[in-house]
file structure08.cif (mmCIF, C-alpha atoms and all ligand atoms)
data_entry
#
loop_
_atom_site.label_atom_id
_atom_site.label_comp_id
_atom_site.auth_asym_id
_atom_site.auth_seq_id
_atom_site.Cartn_x
_atom_site.Cartn_y
_atom_site.Cartn_z
CA MET V 1 71.46 -119.03 84.28
CA ALA V 2 71.49 -121.48 81.45
CA THR V 3 74.86 -121.76 79.80
CA GLU V 4 73.47 -123.11 76.57
CA ASP V 5 75.06 -121.37 73.61
CA TRP V 6 73.22 -122.22 70.38
CA GLY V 7 75.95 -120.60 68.29
CA LEU V 8 78.69 -122.74 69.76
CA ASP V 9 76.43 -125.76 69.52
CA LEU V 10 75.96 -125.07 65.80
CA MET V 11 79.70 -124.76 65.24
CA ARG V 12 80.33 -128.02 67.07
CA ARG V 13 77.74 -129.85 64.99
CA HIS V 14 79.44 -128.66 61.80
CA ARG V 15 83.05 -128.89 62.83
CA ARG V 16 84.47 -129.01 59.34
CA LEU V 17 83.13 -125.53 58.60
CA PHE V 18 84.39 -123.57 61.59
CA ARG V 19 87.67 -122.88 63.30
CA ILE V 20 86.67 -122.76 66.94
CA ASN V 21 88.62 -120.61 69.37
CA ALA V 22 88.83 -123.03 72.30
CA ASP V 23 89.32 -120.38 74.98
CA GLU V 24 86.74 -117.91 73.78
CA PRO V 25 84.40 -119.65 71.33
CA PHE V 26 82.28 -116.55 70.87
CA ARG V 27 85.34 -114.83 69.40
CA SER V 28 85.72 -117.50 66.72
CA ALA V 29 85.48 -116.37 63.11
CA GLY V 30 82.04 -117.41 61.98
CA TYR V 31 80.47 -117.44 65.42
CA PRO V 32 76.88 -116.47 64.52
CA LEU V 33 76.21 -112.89 65.55
CA CYS V 34 72.48 -113.03 65.04
CA GLY V 35 69.33 -114.13 66.79
CA ARG V 36 68.44 -117.69 67.66
CA GLY V 37 65.51 -117.60 65.24
CA TRP V 38 67.97 -118.11 62.41
CA ARG V 39 69.49 -121.24 63.90
CA ASP V 40 67.49 -123.53 61.64
CA LEU V 41 68.40 -121.71 58.43
CA LEU V 42 72.07 -121.74 59.46
CA ASP V 43 71.81 -125.45 60.16
CA ARG V 44 70.40 -126.01 56.66
CA LEU V 45 73.17 -123.88 55.21
CA CYS V 46 75.87 -125.87 57.01
CA ALA V 47 74.34 -129.18 55.96
CA ARG V 48 74.26 -128.08 52.30
CA ILE V 49 77.88 -126.99 52.41
CA GLU V 50 78.93 -130.27 54.01
CA VAL V 51 77.21 -132.15 51.18
CA ALA V 52 78.93 -129.95 48.57
CA LEU V 53 82.44 -130.35 49.96
CA ARG V 54 84.54 -133.12 48.47
CA GLU V 55 87.47 -134.98 49.86
CA GLY V 56 90.45 -132.71 50.39
CA GLU V 57 88.52 -129.47 49.98
CA THR V 58 88.52 -127.00 52.83
CA PHE V 59 85.97 -124.46 53.92
CA GLU V 60 85.78 -121.93 56.71
CA PHE V 61 83.23 -119.34 57.73
CA VAL V 62 84.84 -115.94 58.11
CA GLN V 63 81.79 -114.13 59.40
CA ILE V 64 78.14 -114.81 60.13
CA LYS V 65 76.07 -111.88 61.26
CA GLN V 66 72.91 -109.90 60.90
CA LYS V 67 73.31 -106.72 58.89
CA MET V 68 70.43 -104.41 57.97
CA GLY V 69 68.06 -107.14 59.15
CA ILE V 70 69.49 -109.70 56.74
CA LEU V 71 71.93 -112.57 57.12
CA ARG V 72 75.46 -111.92 55.98
CA ALA V 73 77.72 -114.95 55.65
CA LEU V 74 81.31 -114.58 54.47
CA TRP V 75 83.42 -117.64 53.76
CA ASP V 76 86.70 -118.82 52.42
CA ALA V 77 87.34 -122.09 50.65
CA GLU V 78 89.97 -124.14 48.89
CA ALA V 79 87.66 -126.00 46.59
CA SER V 80 86.72 -126.61 42.98
CA GLU V 81 84.69 -124.06 41.07
CA ASP V 82 81.78 -126.48 41.08
CA THR V 83 81.88 -126.77 44.88
CA GLU V 84 82.15 -123.02 45.29
CA ASP V 85 79.12 -122.55 43.03
CA LYS V 86 77.15 -124.91 45.27
CA VAL V 87 78.34 -123.14 48.40
CA GLY V 88 77.44 -119.77 46.89
CA HIS V 89 73.97 -121.01 46.05
CA ALA V 90 73.51 -122.44 49.55
CA VAL V 91 74.48 -119.07 51.03
CA ASN V 92 72.04 -117.28 48.71
CA LEU V 93 69.26 -119.60 49.90
CA ALA V 94 70.09 -118.88 53.54
CA VAL V 95 70.21 -115.12 52.92
CA ALA V 96 66.87 -115.29 51.10
CA ARG V 97 65.36 -117.25 53.98
CA SER V 98 66.66 -114.78 56.56
CA ILE V 99 64.65 -111.99 54.89
CA CYS V 100 61.39 -113.80 55.64
CA THR V 101 62.26 -115.56 58.92
CA CYS V 102 61.87 -113.92 62.34
CA GLU V 103 65.34 -113.56 63.85
CA VAL V 104 63.86 -113.98 67.33
CA CYS V 105 61.61 -117.04 67.03
CA GLY V 106 62.18 -118.53 63.57
CA ARG V 107 58.62 -118.21 62.34
CA GLU V 108 57.74 -116.47 59.09
CA GLY V 109 58.58 -112.79 59.24
CA ARG V 110 59.43 -109.74 57.21
CA LEU V 111 61.57 -106.63 57.43
CA PHE V 112 60.58 -103.96 59.93
CA ASN V 113 62.04 -100.54 60.47
CA ASN V 114 62.54 -100.09 64.21
CA ARG V 115 63.60 -96.44 64.49
CA GLY V 116 66.18 -96.85 61.79
CA TRP V 117 67.20 -100.40 62.73
CA LEU V 118 66.13 -102.94 60.15
CA GLU V 119 64.96 -106.19 61.72
CA THR V 120 63.30 -109.31 60.35
CA ARG V 121 60.45 -110.16 62.67
CA CYS V 122 57.14 -111.98 62.85
CA THR V 123 54.19 -109.81 63.83
CA ASP V 124 54.42 -110.91 67.49
CA ASP V 125 58.08 -109.93 67.87
CA ALA V 126 58.01 -106.85 65.65
CA VAL V 127 58.65 -103.32 66.83
CA GLY V 128 58.29 -100.42 64.42
CA GLU V 129 56.86 -100.25 60.95
CA ILE V 130 56.79 -102.72 58.09
CA LEU V 131 59.41 -101.87 55.53
CA PRO V 132 57.89 -101.72 52.03
CA PRO V 133 59.47 -104.27 49.67
CA ARG V 134 62.35 -102.71 47.78
CA TYR V 135 60.95 -103.67 44.41
CA GLY V 136 57.33 -102.91 45.26
CA ALA V 137 54.20 -104.90 46.06
CA GLY V 138 54.18 -108.38 44.60
CA PHE V 139 57.99 -108.53 44.73
CA GLU V 140 58.34 -109.14 48.48
CA ASN V 141 60.76 -112.04 48.20
CA VAL V 142 62.64 -110.83 45.15
CA ARG V 143 66.24 -109.96 45.65
CA ARG V 144 69.47 -109.58 43.77
CA PHE V 145 72.08 -112.31 44.18
CA ARG V 146 75.57 -112.98 43.03
CA ARG V 147 76.58 -116.14 41.26
CA TRP V 148 79.96 -117.58 42.03
CA ARG V 149 81.69 -117.72 38.69
CA GLY V 150 84.87 -115.90 39.53
CA HIS V 151 83.45 -112.56 38.42
CA ALA V 152 80.47 -110.36 39.22
CA ASP V 153 77.43 -112.04 37.75
CA MET V 154 74.29 -110.69 39.32
CA TYR V 155 70.82 -112.09 38.95
CA PHE V 156 67.40 -111.62 40.48
CA ALA V 157 65.45 -114.42 42.08
CA THR V 158 62.32 -114.88 44.11
CA TYR V 159 62.41 -117.05 47.21
CA ASP V 160 59.70 -119.53 48.19
CA ARG V 161 59.76 -120.18 51.94
CA GLU V 162 57.65 -123.35 51.74
CA THR V 163 59.96 -125.17 49.38
CA ASP V 164 63.15 -123.30 50.34
CA THR V 165 64.01 -122.60 46.72
CA LEU V 166 65.12 -119.65 44.61
CA THR V 167 63.69 -119.08 41.14
CA GLU V 168 65.38 -116.67 38.81
CA VAL V 169 63.16 -113.79 37.65
CA PRO V 170 63.64 -110.85 35.26
CA PRO V 171 65.02 -107.72 36.92
CA PRO V 172 62.17 -105.75 38.52
CA SER V 173 61.79 -102.03 37.76
CA ARG V 174 64.39 -99.95 39.51
CA LYS V 175 61.97 -97.45 41.03
CA GLN V 176 62.76 -98.52 44.59
CA ASP V 177 66.42 -99.30 44.09
CA ARG V 178 68.85 -97.17 46.05
ZN ZN V 201 59.02 -114.07 66.01
#

call {"tool": "encode", "arguments": {"input": "structure08.cif", "output": "structure tokens"}}
result
Amino acid sequence: MATEDWGLDLMRRHRRLFRINADEPFRSAGYPLCGRGWRDLLDRLCARIEVALREGETFEFVQIKQKMGILRALWDAEASEDTEDKVGHAVNLAVARSICTCEVCGREGRLFNNRGWLETRCTDDAVGEILPPRYGAGFENVRRFRRWRGHADMYFATYDRETDTLTEVPPPSRKQDR
């Protein structure tokens, strides 16, 4: 059996961002509890955070996992407000990318409902039914995000997978909101 562990490999490549448990790396805070298909988007996320961090600032992932088919990344930092804004934006980009990236293979995907389990999959890896976009047709990549300004400041943005960018949009109608 191969012993390759892409999660540990990711943490080692971005040492400044993780506190690795030497005895049981998979128990480290921030050890990615998600499929290998998201390795690339996590790599991009880590690279963006490393660029944002200045001398003397600290950062640590608290949790990285898949929840309801979407990336969840919790973090803690001792950094300037400006740095935290950049980190928050980098996390939003990664979350947005996870919603349209197959968690198994990394190709373009979308949310499927697999008997109640939400999973982001390409058509080859999908099981179950396509989940209709929350905000309706034409709003597939629109989602609500939080800005990091020390208080709740929500905004809506649409994600473009080609350019890996978020563009703020007006709030869609709430018909499909929970
Ligand atoms: Zn796939």

call {"tool": "atom_distance", "arguments": {"input": "structure08.cif", "atom1": "CA of Ile70 in chain V", "atom2": "CA of Ala137 in chain V"}}
result
19.3 Å

call {"tool": "closest_residue", "arguments": {"input": "structure08.cif", "among": "V:Tyr159, V:Trp38, V:Trp117, V:Phe61", "to": "ligand ZN 201 (chain V)", "atoms": "all atoms listed in the file"}}
result
V:Trp38

call {"tool": "closest_residue", "arguments": {"input": "structure08.cif", "among": "V:Asp43, V:Asp164, V:Asp153, V:Glu140", "to": "Arg110 in chain V", "atoms": "only C-alpha atoms"}}
result
V:Glu140

call {"tool": "closest_residue", "arguments": {"input": "structure08.cif", "among": "V:Cys46, V:Leu33, V:Val169, V:Cys105", "to": "Leu93 in chain V", "atoms": "only C-alpha atoms"}}
result
V:Cys46

call {"tool": "closest_atom_pairs", "arguments": {"input": "structure08.cif", "of": "chain V", "to": "ligand ZN 201 (chain V)", "cutoff": "7 Å", "atoms": "all atoms listed in the file", "output": "tab-separated table"}}
result
residue	atom	partner	partner_atom	distance
V:Cys102	CA	V:ZN201	ZN	4.6
V:Glu103	CA	V:ZN201	ZN	6.7
V:Val104	CA	V:ZN201	ZN	5.0
V:Cys105	CA	V:ZN201	ZN	4.1
V:Gly106	CA	V:ZN201	ZN	6.0
V:Arg107	CA	V:ZN201	ZN	5.5
V:Gly109	CA	V:ZN201	ZN	6.9
V:Arg121	CA	V:ZN201	ZN	5.3
V:Cys122	CA	V:ZN201	ZN	4.2
V:Thr123	CA	V:ZN201	ZN	6.8
V:Asp124	CA	V:ZN201	ZN	5.8
V:Asp125	CA	V:ZN201	ZN	4.6

call {"tool": "atom_distance", "arguments": {"input": "structure08.cif", "atom1": "CA of Arg39 in chain V", "atom2": "CA of Leu74 in chain V"}}
result
16.5 Å

call {"tool": "residues_near_point", "arguments": {"input": "structure08.cif", "point": "(68.1, -118.4, 40.7)", "cutoff": "8 Å", "atoms": "all atoms listed in the file", "output": "JSON, numbers by chain"}}
result
{"V": [155, 156, 157, 158, 166, 167, 168, 169]}

call {"tool": "closest_atom_pairs", "arguments": {"input": "structure08.cif", "of": "range 38-157 of chain V", "to": "range 8-27 of chain V", "cutoff": "12 Å", "atoms": "only C-alpha atoms", "output": "JSON lines"}}
result
{"residue": "V:Trp38", "atom": "CA", "partner": "V:Leu10", "partner_atom": "CA", "distance": 11.1}
{"residue": "V:Arg39", "atom": "CA", "partner": "V:Leu10", "partner_atom": "CA", "distance": 7.8}
{"residue": "V:Asp40", "atom": "CA", "partner": "V:Leu10", "partner_atom": "CA", "distance": 9.6}
{"residue": "V:Leu41", "atom": "CA", "partner": "V:Leu10", "partner_atom": "CA", "distance": 11.1}
{"residue": "V:Leu42", "atom": "CA", "partner": "V:Leu10", "partner_atom": "CA", "distance": 8.1}
{"residue": "V:Asp43", "atom": "CA", "partner": "V:Leu10", "partner_atom": "CA", "distance": 7.0}
{"residue": "V:Arg44", "atom": "CA", "partner": "V:His14", "partner_atom": "CA", "distance": 10.7}
{"residue": "V:Leu45", "atom": "CA", "partner": "V:His14", "partner_atom": "CA", "distance": 10.3}
{"residue": "V:Cys46", "atom": "CA", "partner": "V:His14", "partner_atom": "CA", "distance": 6.6}
{"residue": "V:Ala47", "atom": "CA", "partner": "V:His14", "partner_atom": "CA", "distance": 7.8}
{"residue": "V:Arg48", "atom": "CA", "partner": "V:His14", "partner_atom": "CA", "distance": 10.8}
{"residue": "V:Ile49", "atom": "CA", "partner": "V:Leu17", "partner_atom": "CA", "distance": 8.2}
{"residue": "V:Glu50", "atom": "CA", "partner": "V:Arg16", "partner_atom": "CA", "distance": 7.8}
{"residue": "V:Val51", "atom": "CA", "partner": "V:Arg16", "partner_atom": "CA", "distance": 11.4}
{"residue": "V:Ala52", "atom": "CA", "partner": "V:Leu17", "partner_atom": "CA", "distance": 11.7}
{"residue": "V:Leu53", "atom": "CA", "partner": "V:Arg16", "partner_atom": "CA", "distance": 9.7}
{"residue": "V:Arg54", "atom": "CA", "partner": "V:Arg16", "partner_atom": "CA", "distance": 11.6}
{"residue": "V:Glu55", "atom": "CA", "partner": "V:Arg16", "partner_atom": "CA", "distance": 11.6}
{"residue": "V:Gly56", "atom": "CA", "partner": "V:Arg16", "partner_atom": "CA", "distance": 11.4}
{"residue": "V:Glu57", "atom": "CA", "partner": "V:Arg16", "partner_atom": "CA", "distance": 10.2}
{"residue": "V:Thr58", "atom": "CA", "partner": "V:Arg16", "partner_atom": "CA", "distance": 7.9}
{"residue": "V:Phe59", "atom": "CA", "partner": "V:Leu17", "partner_atom": "CA", "distance": 5.6}
{"residue": "V:Glu60", "atom": "CA", "partner": "V:Leu17", "partner_atom": "CA", "distance": 4.9}
{"residue": "V:Phe61", "atom": "CA", "partner": "V:Phe18", "partner_atom": "CA", "distance": 5.8}
{"residue": "V:Val62", "atom": "CA", "partner": "V:Phe18", "partner_atom": "CA", "distance": 8.4}
{"residue": "V:Gln63", "atom": "CA", "partner": "V:Phe18", "partner_atom": "CA", "distance": 10.0}
{"residue": "V:Ile64", "atom": "CA", "partner": "V:Phe18", "partner_atom": "CA", "distance": 10.9}
{"residue": "V:Leu74", "atom": "CA", "partner": "V:Leu17", "partner_atom": "CA", "distance": 11.8}
{"residue": "V:Trp75", "atom": "CA", "partner": "V:Leu17", "partner_atom": "CA", "distance": 9.3}
{"residue": "V:Asp76", "atom": "CA", "partner": "V:Leu17", "partner_atom": "CA", "distance": 9.8}
{"residue": "V:Ala77", "atom": "CA", "partner": "V:Leu17", "partner_atom": "CA", "distance": 9.6}
{"residue": "V:Glu78", "atom": "CA", "partner": "V:Leu17", "partner_atom": "CA", "distance": 12.0}
{"residue": "V:Val87", "atom": "CA", "partner": "V:Leu17", "partner_atom": "CA", "distance": 11.5}

call {"tool": "atom_distance", "arguments": {"input": "structure08.cif", "atom1": "CA of Gly138 in chain V", "atom2": "CA of Asp85 in chain V"}}
result
28.7 Å

call {"tool": "residues_around", "arguments": {"input": "structure08.cif", "residues": "Leu118 in chain V", "least_positions_apart": "5", "cutoff": "12 Å", "atoms": "only C-alpha atoms", "output": "VMD selection string"}}
result
chain V and resid 66 to 71 99 102 to 103 110 to 113 126 to 132

call {"tool": "closest_residue", "arguments": {"input": "structure08.cif", "among": "V:Thr83, V:Thr101, V:Ser173, V:Gly136", "to": "Glu119 in chain V", "atoms": "only C-alpha atoms"}}
result
V:Thr101

call {"tool": "build_atoms", "arguments": {"input": "structure08.cif", "residues": "range 133-144 of chain V", "atoms": "all heavy atoms", "output": "short mmCIF file (atom, residue, chain, number, x, y, z; two decimals), in the frame of the given file"}}
result
data_model
loop_
_atom_site.label_atom_id
_atom_site.label_comp_id
_atom_site.auth_asym_id
_atom_site.auth_seq_id
_atom_site.Cartn_x
_atom_site.Cartn_y
_atom_site.Cartn_z
N PRO V 133 58.50 -103.51 50.47
CA PRO V 133 59.47 -104.27 49.67
C PRO V 133 60.24 -103.35 48.73
O PRO V 133 59.64 -102.45 48.14
CB PRO V 133 58.61 -105.26 48.87
CG PRO V 133 57.25 -105.18 49.43
CD PRO V 133 57.13 -103.93 50.24
N ARG V 134 61.52 -103.59 48.59
CA ARG V 134 62.35 -102.71 47.78
C ARG V 134 61.87 -102.59 46.34
O ARG V 134 61.95 -101.54 45.73
CB ARG V 134 63.79 -103.22 47.79
CG ARG V 134 64.71 -102.35 46.96
CD ARG V 134 66.11 -102.90 46.91
NE ARG V 134 66.79 -102.72 48.19
CZ ARG V 134 68.04 -103.11 48.39
NH1 ARG V 134 68.71 -103.70 47.44
NH2 ARG V 134 68.61 -102.94 49.56
N TYR V 135 61.35 -103.70 45.82
CA TYR V 135 60.95 -103.67 44.41
C TYR V 135 59.44 -103.55 44.25
O TYR V 135 58.90 -103.81 43.19
CB TYR V 135 61.49 -104.90 43.68
CG TYR V 135 63.00 -104.95 43.73
CD1 TYR V 135 63.65 -105.92 44.47
CD2 TYR V 135 63.76 -103.99 43.06
CE1 TYR V 135 65.04 -105.94 44.56
CE2 TYR V 135 65.14 -104.00 43.14
CZ TYR V 135 65.78 -104.98 43.89
OH TYR V 135 67.15 -104.99 43.97
N GLY V 136 58.75 -103.19 45.34
CA GLY V 136 57.33 -102.91 45.26
C GLY V 136 56.46 -104.11 45.59
O GLY V 136 56.93 -105.24 45.74
N ALA V 137 55.15 -103.85 45.70
CA ALA V 137 54.20 -104.90 46.06
C ALA V 137 54.24 -106.02 45.03
O ALA V 137 54.35 -105.77 43.83
CB ALA V 137 52.80 -104.32 46.16
N GLY V 138 54.14 -107.24 45.51
CA GLY V 138 54.18 -108.38 44.60
C GLY V 138 55.60 -108.89 44.40
O GLY V 138 55.81 -109.95 43.83
N PHE V 139 56.59 -108.11 44.89
CA PHE V 139 57.99 -108.53 44.73
C PHE V 139 58.65 -108.69 46.10
O PHE V 139 59.85 -108.46 46.26
CB PHE V 139 58.75 -107.50 43.89
CG PHE V 139 58.28 -107.39 42.48
CD1 PHE V 139 57.34 -106.42 42.12
CD2 PHE V 139 58.73 -108.26 41.50
CE1 PHE V 139 56.89 -106.32 40.81
CE2 PHE V 139 58.29 -108.17 40.19
CZ PHE V 139 57.36 -107.20 39.84
N GLU V 140 57.86 -109.08 47.10
CA GLU V 140 58.34 -109.14 48.48
C GLU V 140 59.61 -109.98 48.64
O GLU V 140 60.51 -109.63 49.38
CB GLU V 140 57.25 -109.70 49.41
CG GLU V 140 56.21 -108.67 49.81
CD GLU V 140 55.17 -108.41 48.73
OE1 GLU V 140 55.21 -109.11 47.69
OE2 GLU V 140 54.33 -107.51 48.91
N ASN V 141 59.62 -111.13 47.99
CA ASN V 141 60.76 -112.04 48.20
C ASN V 141 61.77 -112.02 47.05
O ASN V 141 62.57 -112.93 46.90
CB ASN V 141 60.27 -113.48 48.43
CG ASN V 141 59.68 -113.63 49.83
OD1 ASN V 141 59.96 -112.83 50.71
ND2 ASN V 141 58.86 -114.63 50.01
N VAL V 142 61.69 -110.94 46.25
CA VAL V 142 62.64 -110.83 45.15
C VAL V 142 63.86 -110.07 45.62
O VAL V 142 63.77 -109.10 46.35
CB VAL V 142 62.00 -110.10 43.94
CG1 VAL V 142 63.06 -109.81 42.88
CG2 VAL V 142 60.88 -110.92 43.36
N ARG V 143 65.00 -110.58 45.23
CA ARG V 143 66.24 -109.96 45.65
C ARG V 143 67.33 -110.24 44.62
O ARG V 143 67.24 -111.15 43.84
CB ARG V 143 66.64 -110.56 47.01
CG ARG V 143 67.65 -109.73 47.72
CD ARG V 143 67.92 -110.26 49.10
NE ARG V 143 69.22 -109.80 49.54
CZ ARG V 143 69.47 -108.56 49.91
NH1 ARG V 143 68.50 -107.67 49.92
NH2 ARG V 143 70.68 -108.20 50.28
N ARG V 144 68.36 -109.42 44.69
CA ARG V 144 69.47 -109.58 43.77
C ARG V 144 70.53 -110.46 44.41
O ARG V 144 70.85 -110.28 45.58
CB ARG V 144 70.06 -108.20 43.45
CG ARG V 144 70.85 -108.14 42.18
CD ARG V 144 71.01 -106.70 41.77
NE ARG V 144 71.81 -106.00 42.77
CZ ARG V 144 72.86 -105.22 42.45
NH1 ARG V 144 73.20 -105.06 41.19
NH2 ARG V 144 73.55 -104.61 43.38
#
